[in-house]
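Okay, so here's the structure we're looking at.
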Amino acid sequence: MLKTDWFEQARFGMFIHWGIYAIPARGEWVRSQERISVEDYQAHFDNFDPVDYDPKAWAKAAKDAGMKYAVMTAKHHDGFCLFDSKLTDYKATNTKAGRDLIKEYVDAFRAEGIKIGFYYSVIDWHHPDYPHYGDAFHPMRENETYKGKTHDFANYLKYMHAQVEELCTNYGKIDIFWFDFSYDDMKGEKWEATKLVRMIRRYFPDVLIDNRLEGSGSEQGSHLSEENPSEYAGDFICPEHAIPLEIPRNAKGKPVLWESCVTMNNNWGYHAEDKNYKPADMLIKKLVECVSKGGNLLLNVGPDAKGCIPAESLKILNIIAAWMKPNGESIYGCTYAEIPKPDYGRVTRKGNILYYHIMENQIGGIPLIGVKPEQIKRIWHVATGAEIKPFESWFHHPDYVNIRFGESPLLPDPTDTVVGVELYG
Ligand code: GLC
């Protein structure tokens with residue numbers, strides 16, 4: 001039993017970006033993008049009053065959609081803590097929310113049997129000892145008032161490490177620590193990453209940690225792929241807004257654990273005007289693509305300031321749920337098949353079962369490429385369990401078993417009709 005087994009079984013998780021940036025409602029980078037001072041941002045802290053926050057409803061939506069783990073922002077780059085940290089007053093407990101929002105998230109999602117992850121930003125635009133002027137992203141990076149100001153970065157690191165320890169000690173067993181993110185010289189031991197990782201692993205030896213204590217979401221590769229990765233290279237790489245073209249492998253050619261994190265629209269945090277939601281069927285196909293390359297999909301929701309997941313996101317999750325219910329076996333515990341991608345879709349594999357994901361109907365027979373007819377023990381329509389008999393016609397793709405779905409030119413499921421093929425041996 002490997003500590004990563006559950007992650008490769010789960011394949012599908014919910015990312016949750018929530019915080020006081022939901023009030024300006026222009027995404028989680030609003031302070032940096034608009035150079036907002038901590039003083040001007042304070043109003044959002046003062047007004048944060050998530051009266052509709054219902055993590056049980058969030059957890060049910062995730063469970064129904066077939067998501068097996070969740071990663072929620074405990075602290076994002078703006079430094080606002082959704083958890084009741086004893087190390088700062090800049091926390092949800094001191095807003096009108098008046099309580100530990102992370103505790104309620106943990107309790108609700110754990111109750112649904114969903115694995116628990118924390119997103120924690122090592123960047124902190126609120127902490128006085130985090131570099132301001134001249135930093136690549138700090139909201140005050142060009143503000144002359146801060147020029148020459150000294151920062152006791154060691155004091156910030158003490159704070160950051162102690163907060164992570166709070167997250168290790170106050171919320172039960174944590175399955176994923178999802179750090180974000182390294183840049184310029186702000187990486188690796190600049191964060192005292194070895195000490196941080198060792199501390200976490202003392203509490204949770206089997207925890208999974210992402211690769212952003214030395215990487216970021218823009219890097220296709222990662223130090224995790226090197227011959228001898230550092231102790232803080234993490235357990236998985238997390239390409240962001242991207243799905244690797246090939247199966248990510250390390251220097252020895254061994255596939256590395258990976259997860260694509262993807263927004264539903266174009267923002268992680270709530271953005272009132274961003275209605276550019278990806279169609280649900282596209283996201284289903286992207287989940288299949290990730291699994292067909294041996295990876296996971298972490299799909300994001302950005303709840304609004306009152307604590308509601310946007311209706312558009314809920315609608316997408318409902319459509320995904322309707323597909324996952326009858327087809328989930330072709331996702332969970334599956335990985336890449338040693339079969340070239342077929343014209344009509346993708347293939348996932350679990351042991352001696354291949355799942356052909358047919359996303360585009362064919363003229364004539366649909367060839368089950370990659371396997372010889374004599375290898376096939378049985379063929380069935382995964383969604384219904386109905387047996388599928390080989391399709392014989394005067395035009396037959398030679399060398400393969402062909403199948404069809406009756407006389408209709410339409411697939412039973414226009415998004416992805418999954419065909420199971422059990423092989424002998
Ligand atoms: C980027 C963004 C951050 C977001 C993360 C999710 O690092 O800076 O806002 O939380 O991607 O992967």
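Here, A, B, ... name the chains of the structure tokens in the order displayed, residue numbers run from 1 inside each chain, and ligands are numbered from 1 in the same displayed order.
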From a DSSP pass on the backbone, collect the residues of stretch 158-373 of chain A flagged as strand (DSSP E) and hand them back as a PDB file with all heavy atoms, in the first residue's frame.
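Output contents, as saved in selection-v7.pdb:
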```
ATOM      1  N   ILE A 176      -3.619  16.369   2.183  1.00  0.00           N
ATOM      2  CA  ILE A 176      -2.827  17.112   1.181  1.00  0.00           C
ATOM      3  C   ILE A 176      -2.473  18.481   1.733  1.00  0.00           C
ATOM      4  O   ILE A 176      -3.329  19.178   2.289  1.00  0.00           O
ATOM      5  CB  ILE A 176      -3.617  17.315  -0.124  1.00  0.00           C
ATOM      6  CG1 ILE A 176      -3.894  15.986  -0.828  1.00  0.00           C
ATOM      7  CG2 ILE A 176      -2.864  18.244  -1.093  1.00  0.00           C
ATOM      8  CD1 ILE A 176      -4.691  16.131  -2.128  1.00  0.00           C
ATOM      9  N   PHE A 177      -1.194  18.850   1.604  1.00  0.00           N
ATOM     10  CA  PHE A 177      -0.791  20.256   1.783  1.00  0.00           C
ATOM     11  C   PHE A 177      -0.428  20.783   0.406  1.00  0.00           C
ATOM     12  O   PHE A 177       0.455  20.239  -0.269  1.00  0.00           O
ATOM     13  CB  PHE A 177       0.393  20.396   2.740  1.00  0.00           C
ATOM     14  CG  PHE A 177      -0.045  20.703   4.143  1.00  0.00           C
ATOM     15  CD1 PHE A 177      -0.220  19.673   5.068  1.00  0.00           C
ATOM     16  CD2 PHE A 177      -0.329  22.003   4.538  1.00  0.00           C
ATOM     17  CE1 PHE A 177      -0.669  19.943   6.361  1.00  0.00           C
ATOM     18  CE2 PHE A 177      -0.764  22.285   5.832  1.00  0.00           C
ATOM     19  CZ  PHE A 177      -0.937  21.243   6.751  1.00  0.00           C
ATOM     20  N   TRP A 178      -1.172  21.798   0.017  1.00  0.00           N
ATOM     21  CA  TRP A 178      -1.047  22.334  -1.349  1.00  0.00           C
ATOM     22  C   TRP A 178      -0.472  23.753  -1.226  1.00  0.00           C
ATOM     23  O   TRP A 178      -1.197  24.718  -1.030  1.00  0.00           O
ATOM     24  CB  TRP A 178      -2.440  22.362  -1.960  1.00  0.00           C
ATOM     25  CG  TRP A 178      -2.571  22.123  -3.415  1.00  0.00           C
ATOM     26  CD1 TRP A 178      -2.972  20.971  -4.028  1.00  0.00           C
ATOM     27  CD2 TRP A 178      -2.330  23.058  -4.472  1.00  0.00           C
ATOM     28  NE1 TRP A 178      -3.006  21.132  -5.388  1.00  0.00           N
ATOM     29  CE2 TRP A 178      -2.607  22.403  -5.686  1.00  0.00           C
ATOM     30  CE3 TRP A 178      -1.888  24.382  -4.507  1.00  0.00           C
ATOM     31  CZ2 TRP A 178      -2.478  23.028  -6.929  1.00  0.00           C
ATOM     32  CZ3 TRP A 178      -1.758  25.017  -5.723  1.00  0.00           C
ATOM     33  CH2 TRP A 178      -2.053  24.332  -6.919  1.00  0.00           C
ATOM     34  N   PHE A 179       0.870  23.843  -1.301  1.00  0.00           N
ATOM     35  CA  PHE A 179       1.506  25.156  -1.136  1.00  0.00           C
ATOM     36  C   PHE A 179       1.490  25.915  -2.462  1.00  0.00           C
ATOM     37  O   PHE A 179       1.473  25.328  -3.533  1.00  0.00           O
ATOM     38  CB  PHE A 179       2.949  24.989  -0.641  1.00  0.00           C
ATOM     39  CG  PHE A 179       3.030  24.513   0.788  1.00  0.00           C
ATOM     40  CD1 PHE A 179       3.348  23.192   1.084  1.00  0.00           C
ATOM     41  CD2 PHE A 179       2.755  25.390   1.836  1.00  0.00           C
ATOM     42  CE1 PHE A 179       3.394  22.748   2.397  1.00  0.00           C
ATOM     43  CE2 PHE A 179       2.801  24.949   3.148  1.00  0.00           C
ATOM     44  CZ  PHE A 179       3.125  23.632   3.436  1.00  0.00           C
ATOM     45  N   ASP A 180       1.543  27.234  -2.352  1.00  0.00           N
ATOM     46  CA  ASP A 180       1.546  28.100  -3.529  1.00  0.00           C
ATOM     47  C   ASP A 180       2.289  29.380  -3.176  1.00  0.00           C
ATOM     48  O   ASP A 180       1.995  29.921  -2.095  1.00  0.00           O
ATOM     49  CB  ASP A 180       0.073  28.383  -3.913  1.00  0.00           C
ATOM     50  CG  ASP A 180      -0.061  28.984  -5.295  1.00  0.00           C
ATOM     51  OD1 ASP A 180       0.731  28.614  -6.166  1.00  0.00           O
ATOM     52  OD2 ASP A 180      -0.950  29.819  -5.466  1.00  0.00           O
ATOM     53  N   LEU A 208       0.372  14.093   1.289  1.00  0.00           N
ATOM     54  CA  LEU A 208       0.885  14.420  -0.052  1.00  0.00           C
ATOM     55  C   LEU A 208       1.086  15.924  -0.125  1.00  0.00           C
ATOM     56  O   LEU A 208       0.208  16.686   0.302  1.00  0.00           O
ATOM     57  CB  LEU A 208      -0.098  13.955  -1.137  1.00  0.00           C
ATOM     58  CG  LEU A 208      -0.353  12.435  -1.187  1.00  0.00           C
ATOM     59  CD1 LEU A 208      -1.280  12.107  -2.362  1.00  0.00           C
ATOM     60  CD2 LEU A 208       0.939  11.644  -1.302  1.00  0.00           C
ATOM     61  N   ILE A 209       2.237  16.325  -0.643  1.00  0.00           N
ATOM     62  CA  ILE A 209       2.597  17.742  -0.734  1.00  0.00           C
ATOM     63  C   ILE A 209       2.861  18.067  -2.200  1.00  0.00           C
ATOM     64  O   ILE A 209       3.480  17.258  -2.912  1.00  0.00           O
ATOM     65  CB  ILE A 209       3.845  18.043   0.125  1.00  0.00           C
ATOM     66  CG1 ILE A 209       3.555  17.739   1.595  1.00  0.00           C
ATOM     67  CG2 ILE A 209       4.288  19.504  -0.041  1.00  0.00           C
ATOM     68  CD1 ILE A 209       4.771  17.868   2.527  1.00  0.00           C
ATOM     69  N   GLU A 259      -1.308  16.307 -11.143  1.00  0.00           N
ATOM     70  CA  GLU A 259      -2.705  16.753 -11.045  1.00  0.00           C
ATOM     71  C   GLU A 259      -2.808  18.097 -11.760  1.00  0.00           C
ATOM     72  O   GLU A 259      -2.007  19.007 -11.490  1.00  0.00           O
ATOM     73  CB  GLU A 259      -3.047  16.939  -9.557  1.00  0.00           C
ATOM     74  CG  GLU A 259      -4.305  17.722  -9.243  1.00  0.00           C
ATOM     75  CD  GLU A 259      -4.272  18.264  -7.811  1.00  0.00           C
ATOM     76  OE1 GLU A 259      -3.646  19.323  -7.579  1.00  0.00           O
ATOM     77  OE2 GLU A 259      -4.846  17.603  -6.919  1.00  0.00           O
ATOM     78  N   SER A 260      -3.735  18.205 -12.675  1.00  0.00           N
ATOM     79  CA  SER A 260      -3.982  19.497 -13.315  1.00  0.00           C
ATOM     80  C   SER A 260      -5.009  20.246 -12.484  1.00  0.00           C
ATOM     81  O   SER A 260      -6.041  19.665 -12.106  1.00  0.00           O
ATOM     82  CB  SER A 260      -4.544  19.301 -14.721  1.00  0.00           C
ATOM     83  OG  SER A 260      -3.505  19.195 -15.647  1.00  0.00           O
ATOM     84  N   CYS A 261      -4.735  21.524 -12.166  1.00  0.00           N
ATOM     85  CA  CYS A 261      -5.753  22.321 -11.489  1.00  0.00           C
ATOM     86  C   CYS A 261      -6.345  23.300 -12.506  1.00  0.00           C
ATOM     87  O   CYS A 261      -5.613  23.958 -13.251  1.00  0.00           O
ATOM     88  CB  CYS A 261      -5.202  23.047 -10.269  1.00  0.00           C
ATOM     89  SG  CYS A 261      -3.712  24.001 -10.530  1.00  0.00           S
ATOM     90  N   VAL A 262      -7.667  23.318 -12.541  1.00  0.00           N
ATOM     91  CA  VAL A 262      -8.380  24.033 -13.603  1.00  0.00           C
ATOM     92  C   VAL A 262      -9.546  24.811 -13.007  1.00  0.00           C
ATOM     93  O   VAL A 262     -10.248  24.302 -12.124  1.00  0.00           O
ATOM     94  CB  VAL A 262      -8.898  23.006 -14.647  1.00  0.00           C
ATOM     95  CG1 VAL A 262      -9.800  23.673 -15.671  1.00  0.00           C
ATOM     96  CG2 VAL A 262      -7.720  22.309 -15.333  1.00  0.00           C
ATOM     97  N   ASN A 296      -4.601  13.405 -12.343  1.00  0.00           N
ATOM     98  CA  ASN A 296      -5.832  13.818 -11.656  1.00  0.00           C
ATOM     99  C   ASN A 296      -6.296  15.176 -12.171  1.00  0.00           C
ATOM    100  O   ASN A 296      -5.522  15.927 -12.763  1.00  0.00           O
ATOM    101  CB  ASN A 296      -5.570  13.962 -10.147  1.00  0.00           C
ATOM    102  CG  ASN A 296      -5.381  12.639  -9.431  1.00  0.00           C
ATOM    103  OD1 ASN A 296      -5.047  11.628 -10.058  1.00  0.00           O
ATOM    104  ND2 ASN A 296      -5.621  12.634  -8.136  1.00  0.00           N
ATOM    105  N   LEU A 297      -7.560  15.489 -11.880  1.00  0.00           N
ATOM    106  CA  LEU A 297      -8.082  16.823 -12.161  1.00  0.00           C
ATOM    107  C   LEU A 297      -8.594  17.423 -10.855  1.00  0.00           C
ATOM    108  O   LEU A 297      -9.393  16.791 -10.143  1.00  0.00           O
ATOM    109  CB  LEU A 297      -9.231  16.770 -13.180  1.00  0.00           C
ATOM    110  CG  LEU A 297      -9.934  18.107 -13.453  1.00  0.00           C
ATOM    111  CD1 LEU A 297      -8.981  19.121 -14.117  1.00  0.00           C
ATOM    112  CD2 LEU A 297     -11.167  17.895 -14.330  1.00  0.00           C
ATOM    113  N   LEU A 298      -8.066  18.611 -10.511  1.00  0.00           N
ATOM    114  CA  LEU A 298      -8.555  19.358  -9.353  1.00  0.00           C
ATOM    115  C   LEU A 298      -9.341  20.540  -9.925  1.00  0.00           C
ATOM    116  O   LEU A 298      -8.765  21.469 -10.485  1.00  0.00           O
ATOM    117  CB  LEU A 298      -7.379  19.846  -8.494  1.00  0.00           C
ATOM    118  CG  LEU A 298      -7.727  20.510  -7.164  1.00  0.00           C
ATOM    119  CD1 LEU A 298      -8.383  19.515  -6.202  1.00  0.00           C
ATOM    120  CD2 LEU A 298      -6.469  21.105  -6.515  1.00  0.00           C
ATOM    121  N   LEU A 299     -10.661  20.452  -9.823  1.00  0.00           N
ATOM    122  CA  LEU A 299     -11.544  21.428 -10.485  1.00  0.00           C
ATOM    123  C   LEU A 299     -12.017  22.461  -9.465  1.00  0.00           C
ATOM    124  O   LEU A 299     -12.507  22.109  -8.395  1.00  0.00           O
ATOM    125  CB  LEU A 299     -12.740  20.694 -11.104  1.00  0.00           C
ATOM    126  CG  LEU A 299     -13.734  21.540 -11.887  1.00  0.00           C
ATOM    127  CD1 LEU A 299     -13.071  22.267 -13.057  1.00  0.00           C
ATOM    128  CD2 LEU A 299     -14.886  20.659 -12.410  1.00  0.00           C
ATOM    129  N   ASN A 300     -11.857  23.724  -9.816  1.00  0.00           N
ATOM    130  CA  ASN A 300     -12.031  24.809  -8.846  1.00  0.00           C
ATOM    131  C   ASN A 300     -13.444  25.391  -8.821  1.00  0.00           C
ATOM    132  O   ASN A 300     -14.109  25.520  -9.857  1.00  0.00           O
ATOM    133  CB  ASN A 300     -11.076  25.965  -9.195  1.00  0.00           C
ATOM    134  CG  ASN A 300     -11.143  27.099  -8.170  1.00  0.00           C
ATOM    135  OD1 ASN A 300     -10.691  26.951  -7.048  1.00  0.00           O
ATOM    136  ND2 ASN A 300     -11.751  28.212  -8.561  1.00  0.00           N
ATOM    137  N   VAL A 301     -13.860  25.770  -7.593  1.00  0.00           N
ATOM    138  CA  VAL A 301     -15.033  26.636  -7.414  1.00  0.00           C
ATOM    139  C   VAL A 301     -14.566  27.840  -6.612  1.00  0.00           C
ATOM    140  O   VAL A 301     -13.690  27.725  -5.745  1.00  0.00           O
ATOM    141  CB  VAL A 301     -16.191  25.921  -6.692  1.00  0.00           C
ATOM    142  CG1 VAL A 301     -16.764  24.791  -7.540  1.00  0.00           C
ATOM    143  CG2 VAL A 301     -15.797  25.409  -5.311  1.00  0.00           C
ATOM    144  N   THR A 335      -5.831   4.579 -15.146  1.00  0.00           N
ATOM    145  CA  THR A 335      -4.622   5.301 -15.567  1.00  0.00           C
ATOM    146  C   THR A 335      -4.466   5.163 -17.080  1.00  0.00           C
ATOM    147  O   THR A 335      -5.437   4.790 -17.757  1.00  0.00           O
ATOM    148  CB  THR A 335      -3.377   4.760 -14.835  1.00  0.00           C
ATOM    149  OG1 THR A 335      -2.253   5.594 -15.148  1.00  0.00           O
ATOM    150  CG2 THR A 335      -3.084   3.320 -15.231  1.00  0.00           C
ATOM    151  N   TYR A 336      -3.284   5.476 -17.580  1.00  0.00           N
ATOM    152  CA  TYR A 336      -3.086   5.405 -19.034  1.00  0.00           C
ATOM    153  C   TYR A 336      -3.049   3.945 -19.484  1.00  0.00           C
ATOM    154  O   TYR A 336      -2.673   3.044 -18.728  1.00  0.00           O
ATOM    155  CB  TYR A 336      -1.794   6.123 -19.434  1.00  0.00           C
ATOM    156  CG  TYR A 336      -0.546   5.570 -18.776  1.00  0.00           C
ATOM    157  CD1 TYR A 336       0.165   4.527 -19.358  1.00  0.00           C
ATOM    158  CD2 TYR A 336      -0.108   6.062 -17.548  1.00  0.00           C
ATOM    159  CE1 TYR A 336       1.299   4.012 -18.744  1.00  0.00           C
ATOM    160  CE2 TYR A 336       1.013   5.547 -16.932  1.00  0.00           C
ATOM    161  CZ  TYR A 336       1.712   4.524 -17.519  1.00  0.00           C
ATOM    162  OH  TYR A 336       2.817   3.995 -16.890  1.00  0.00           O
ATOM    163  N   GLY A 345     -11.654   9.292 -29.422  1.00  0.00           N
ATOM    164  CA  GLY A 345     -11.735   9.626 -27.983  1.00  0.00           C
ATOM    165  C   GLY A 345     -10.473   9.272 -27.250  1.00  0.00           C
ATOM    166  O   GLY A 345      -9.375   9.605 -27.711  1.00  0.00           O
ATOM    167  N   ARG A 346     -10.613   8.622 -26.109  1.00  0.00           N
ATOM    168  CA  ARG A 346      -9.456   8.279 -25.289  1.00  0.00           C
ATOM    169  C   ARG A 346      -9.676   6.901 -24.651  1.00  0.00           C
ATOM    170  O   ARG A 346     -10.780   6.380 -24.653  1.00  0.00           O
ATOM    171  CB  ARG A 346      -9.246   9.335 -24.190  1.00  0.00           C
ATOM    172  CG  ARG A 346      -8.933  10.709 -24.778  1.00  0.00           C
ATOM    173  CD  ARG A 346      -8.529  11.729 -23.735  1.00  0.00           C
ATOM    174  NE  ARG A 346      -8.330  13.043 -24.348  1.00  0.00           N
ATOM    175  CZ  ARG A 346      -7.197  13.439 -24.910  1.00  0.00           C
ATOM    176  NH1 ARG A 346      -6.153  12.619 -24.959  1.00  0.00           N
ATOM    177  NH2 ARG A 346      -7.069  14.629 -25.462  1.00  0.00           N
ATOM    178  N   VAL A 347      -8.610   6.367 -24.089  1.00  0.00           N
ATOM    179  CA  VAL A 347      -8.668   5.066 -23.408  1.00  0.00           C
ATOM    180  C   VAL A 347      -8.058   5.185 -22.010  1.00  0.00           C
ATOM    181  O   VAL A 347      -6.989   5.777 -21.846  1.00  0.00           O
ATOM    182  CB  VAL A 347      -7.908   3.977 -24.214  1.00  0.00           C
ATOM    183  CG1 VAL A 347      -8.078   2.617 -23.555  1.00  0.00           C
ATOM    184  CG2 VAL A 347      -8.386   3.947 -25.659  1.00  0.00           C
ATOM    185  N   THR A 348      -8.800   4.694 -21.027  1.00  0.00           N
ATOM    186  CA  THR A 348      -8.234   4.566 -19.680  1.00  0.00           C
ATOM    187  C   THR A 348      -8.181   3.076 -19.350  1.00  0.00           C
ATOM    188  O   THR A 348      -8.846   2.259 -20.002  1.00  0.00           O
ATOM    189  CB  THR A 348      -9.109   5.296 -18.635  1.00  0.00           C
ATOM    190  OG1 THR A 348     -10.448   4.772 -18.691  1.00  0.00           O
ATOM    191  CG2 THR A 348      -9.132   6.792 -18.903  1.00  0.00           C
ATOM    192  N   ARG A 349      -7.386   2.745 -18.340  1.00  0.00           N
ATOM    193  CA  ARG A 349      -7.181   1.324 -18.043  1.00  0.00           C
ATOM    194  C   ARG A 349      -7.195   1.091 -16.536  1.00  0.00           C
ATOM    195  O   ARG A 349      -6.684   1.921 -15.783  1.00  0.00           O
ATOM    196  CB  ARG A 349      -5.837   0.850 -18.599  1.00  0.00           C
ATOM    197  CG  ARG A 349      -5.474  -0.608 -18.255  1.00  0.00           C
ATOM    198  CD  ARG A 349      -4.135  -1.019 -18.846  1.00  0.00           C
ATOM    199  NE  ARG A 349      -3.041  -0.190 -18.357  1.00  0.00           N
ATOM    200  CZ  ARG A 349      -2.439  -0.366 -17.164  1.00  0.00           C
ATOM    201  NH1 ARG A 349      -2.860  -1.325 -16.342  1.00  0.00           N
ATOM    202  NH2 ARG A 349      -1.453   0.414 -16.783  1.00  0.00           N
ATOM    203  N   LYS A 350      -7.743  -0.032 -16.151  1.00  0.00           N
ATOM    204  CA  LYS A 350      -7.659  -0.457 -14.750  1.00  0.00           C
ATOM    205  C   LYS A 350      -7.424  -1.967 -14.771  1.00  0.00           C
ATOM    206  O   LYS A 350      -8.320  -2.736 -15.156  1.00  0.00           O
ATOM    207  CB  LYS A 350      -8.941  -0.121 -13.994  1.00  0.00           C
ATOM    208  CG  LYS A 350      -8.903  -0.502 -12.523  1.00  0.00           C
ATOM    209  CD  LYS A 350      -9.981   0.191 -11.683  1.00  0.00           C
ATOM    210  CE  LYS A 350     -11.245   0.488 -12.352  1.00  0.00           C
ATOM    211  NZ  LYS A 350     -12.159   1.331 -11.558  1.00  0.00           N
ATOM    212  N   ILE A 353      -8.818  -4.362 -17.563  1.00  0.00           N
ATOM    213  CA  ILE A 353      -9.999  -3.754 -18.200  1.00  0.00           C
ATOM    214  C   ILE A 353      -9.603  -2.436 -18.861  1.00  0.00           C
ATOM    215  O   ILE A 353      -8.944  -1.583 -18.258  1.00  0.00           O
ATOM    216  CB  ILE A 353     -11.122  -3.503 -17.175  1.00  0.00           C
ATOM    217  CG1 ILE A 353     -11.625  -4.847 -16.624  1.00  0.00           C
ATOM    218  CG2 ILE A 353     -12.278  -2.733 -17.829  1.00  0.00           C
ATOM    219  CD1 ILE A 353     -12.723  -4.738 -15.611  1.00  0.00           C
ATOM    220  N   LEU A 354      -9.973  -2.329 -20.119  1.00  0.00           N
ATOM    221  CA  LEU A 354      -9.771  -1.080 -20.853  1.00  0.00           C
ATOM    222  C   LEU A 354     -11.108  -0.366 -20.945  1.00  0.00           C
ATOM    223  O   LEU A 354     -12.153  -1.020 -21.112  1.00  0.00           O
ATOM    224  CB  LEU A 354      -9.244  -1.373 -22.262  1.00  0.00           C
ATOM    225  CG  LEU A 354      -7.866  -2.022 -22.360  1.00  0.00           C
ATOM    226  CD1 LEU A 354      -7.587  -2.423 -23.795  1.00  0.00           C
ATOM    227  CD2 LEU A 354      -6.786  -1.085 -21.832  1.00  0.00           C
ATOM    228  N   TYR A 355     -11.068   0.948 -20.810  1.00  0.00           N
ATOM    229  CA  TYR A 355     -12.292   1.738 -20.991  1.00  0.00           C
ATOM    230  C   TYR A 355     -12.105   2.629 -22.213  1.00  0.00           C
ATOM    231  O   TYR A 355     -11.244   3.520 -22.223  1.00  0.00           O
ATOM    232  CB  TYR A 355     -12.581   2.582 -19.748  1.00  0.00           C
ATOM    233  CG  TYR A 355     -12.934   1.749 -18.537  1.00  0.00           C
ATOM    234  CD1 TYR A 355     -11.980   1.487 -17.547  1.00  0.00           C
ATOM    235  CD2 TYR A 355     -14.206   1.216 -18.365  1.00  0.00           C
ATOM    236  CE1 TYR A 355     -12.296   0.727 -16.434  1.00  0.00           C
ATOM    237  CE2 TYR A 355     -14.529   0.447 -17.257  1.00  0.00           C
ATOM    238  CZ  TYR A 355     -13.575   0.205 -16.297  1.00  0.00           C
ATOM    239  OH  TYR A 355     -13.890  -0.565 -15.193  1.00  0.00           O
ATOM    240  N   TYR A 356     -12.861   2.333 -23.244  1.00  0.00           N
ATOM    241  CA  TYR A 356     -12.803   3.165 -24.449  1.00  0.00           C
ATOM    242  C   TYR A 356     -13.814   4.296 -24.298  1.00  0.00           C
ATOM    243  O   TYR A 356     -15.019   4.038 -24.149  1.00  0.00           O
ATOM    244  CB  TYR A 356     -13.115   2.319 -25.693  1.00  0.00           C
ATOM    245  CG  TYR A 356     -11.985   1.387 -26.072  1.00  0.00           C
ATOM    246  CD1 TYR A 356     -11.783   0.197 -25.379  1.00  0.00           C
ATOM    247  CD2 TYR A 356     -11.103   1.713 -27.085  1.00  0.00           C
ATOM    248  CE1 TYR A 356     -10.745  -0.652 -25.705  1.00  0.00           C
ATOM    249  CE2 TYR A 356     -10.047   0.868 -27.432  1.00  0.00           C
ATOM    250  CZ  TYR A 356      -9.881  -0.321 -26.722  1.00  0.00           C
ATOM    251  OH  TYR A 356      -8.838  -1.154 -27.043  1.00  0.00           O
ATOM    252  N   HIS A 357     -13.297   5.520 -24.259  1.00  0.00           N
ATOM    253  CA  HIS A 357     -14.165   6.700 -24.125  1.00  0.00           C
ATOM    254  C   HIS A 357     -14.470   7.234 -25.523  1.00  0.00           C
ATOM    255  O   HIS A 357     -13.622   7.880 -26.153  1.00  0.00           O
ATOM    256  CB  HIS A 357     -13.457   7.763 -23.277  1.00  0.00           C
ATOM    257  CG  HIS A 357     -13.186   7.309 -21.869  1.00  0.00           C
ATOM    258  ND1 HIS A 357     -13.982   7.654 -20.800  1.00  0.00           N
ATOM    259  CD2 HIS A 357     -12.226   6.503 -21.340  1.00  0.00           C
ATOM    260  CE1 HIS A 357     -13.533   7.096 -19.684  1.00  0.00           C
ATOM    261  NE2 HIS A 357     -12.453   6.393 -19.988  1.00  0.00           N
ATOM    262  N   ILE A 358     -15.690   6.937 -25.984  1.00  0.00           N
ATOM    263  CA  ILE A 358     -16.048   7.290 -27.362  1.00  0.00           C
ATOM    264  C   ILE A 358     -16.757   8.644 -27.338  1.00  0.00           C
ATOM    265  O   ILE A 358     -17.879   8.774 -26.843  1.00  0.00           O
ATOM    266  CB  ILE A 358     -16.897   6.171 -27.987  1.00  0.00           C
ATOM    267  CG1 ILE A 358     -16.041   4.878 -27.993  1.00  0.00           C
ATOM    268  CG2 ILE A 358     -17.343   6.545 -29.385  1.00  0.00           C
ATOM    269  CD1 ILE A 358     -16.797   3.633 -28.137  1.00  0.00           C
ATOM    270  N   ILE A 366     -16.757   1.067 -35.045  1.00  0.00           N
ATOM    271  CA  ILE A 366     -15.803   1.759 -34.145  1.00  0.00           C
ATOM    272  C   ILE A 366     -14.756   0.717 -33.764  1.00  0.00           C
ATOM    273  O   ILE A 366     -15.073  -0.263 -33.068  1.00  0.00           O
ATOM    274  CB  ILE A 366     -16.518   2.283 -32.882  1.00  0.00           C
ATOM    275  CG1 ILE A 366     -17.607   3.288 -33.254  1.00  0.00           C
ATOM    276  CG2 ILE A 366     -15.512   2.917 -31.923  1.00  0.00           C
ATOM    277  CD1 ILE A 366     -18.541   3.649 -32.101  1.00  0.00           C
ATOM    278  N   PRO A 367     -13.537   0.864 -34.223  1.00  0.00           N
ATOM    279  CA  PRO A 367     -12.531  -0.190 -33.957  1.00  0.00           C
ATOM    280  C   PRO A 367     -11.970  -0.078 -32.542  1.00  0.00           C
ATOM    281  O   PRO A 367     -11.597   1.008 -32.088  1.00  0.00           O
ATOM    282  CB  PRO A 367     -11.450   0.113 -34.995  1.00  0.00           C
ATOM    283  CG  PRO A 367     -11.540   1.588 -35.226  1.00  0.00           C
ATOM    284  CD  PRO A 367     -12.995   1.948 -35.048  1.00  0.00           C
TER     285      PRO A 367
END
```
| field | 10 Å shell around ligand 1 using only C-alpha atoms and all ligand atoms, listed as an MDAnalysis selection string | value | chainID A and resid 15:18 27:30 72:73 75:78 119:121 123 137 178:183 212 215:218 238:241 260:263 267:269 298 300
| field | Shell around stretch 387-400 of chain A at 9 Å using only C-alpha atoms, local window under 4 positions removed, as a PyMOL selection string | value | chain A and resi 364-373+378-381+404-405+419
| request: Mind listing the helix (DSSP H, G or I) residues of stretch 280-354 of chain A, per DSSP on the backbone, as an MDAnalysis selection string? | output: chainID A and resid 280:292 311:330
| Selection near A:Lys285, 12 Å with only C-alpha atoms, sequence-local residues under 5 positions removed, as a list in words |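 These residues fall inside the cut-off: Ile243, Lys278, Pro279, Ala280, Cys290, Val291, Ser292, Leu297, Ile320, Trp323, Met324, Ile331, Gly345, Arg346, Val347, His357, Ile358, Met359, Glu360, Pro414, Thr415, Asp416, Thr417 and Val418 of chain A.
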| From A:Gly188, A:Pro128, A:Gly385, A:Pro50, residue lying nearest A:Tyr159 [only C-alpha atoms] |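 Result for the nearest residue to A:Tyr159: A:Pro128.
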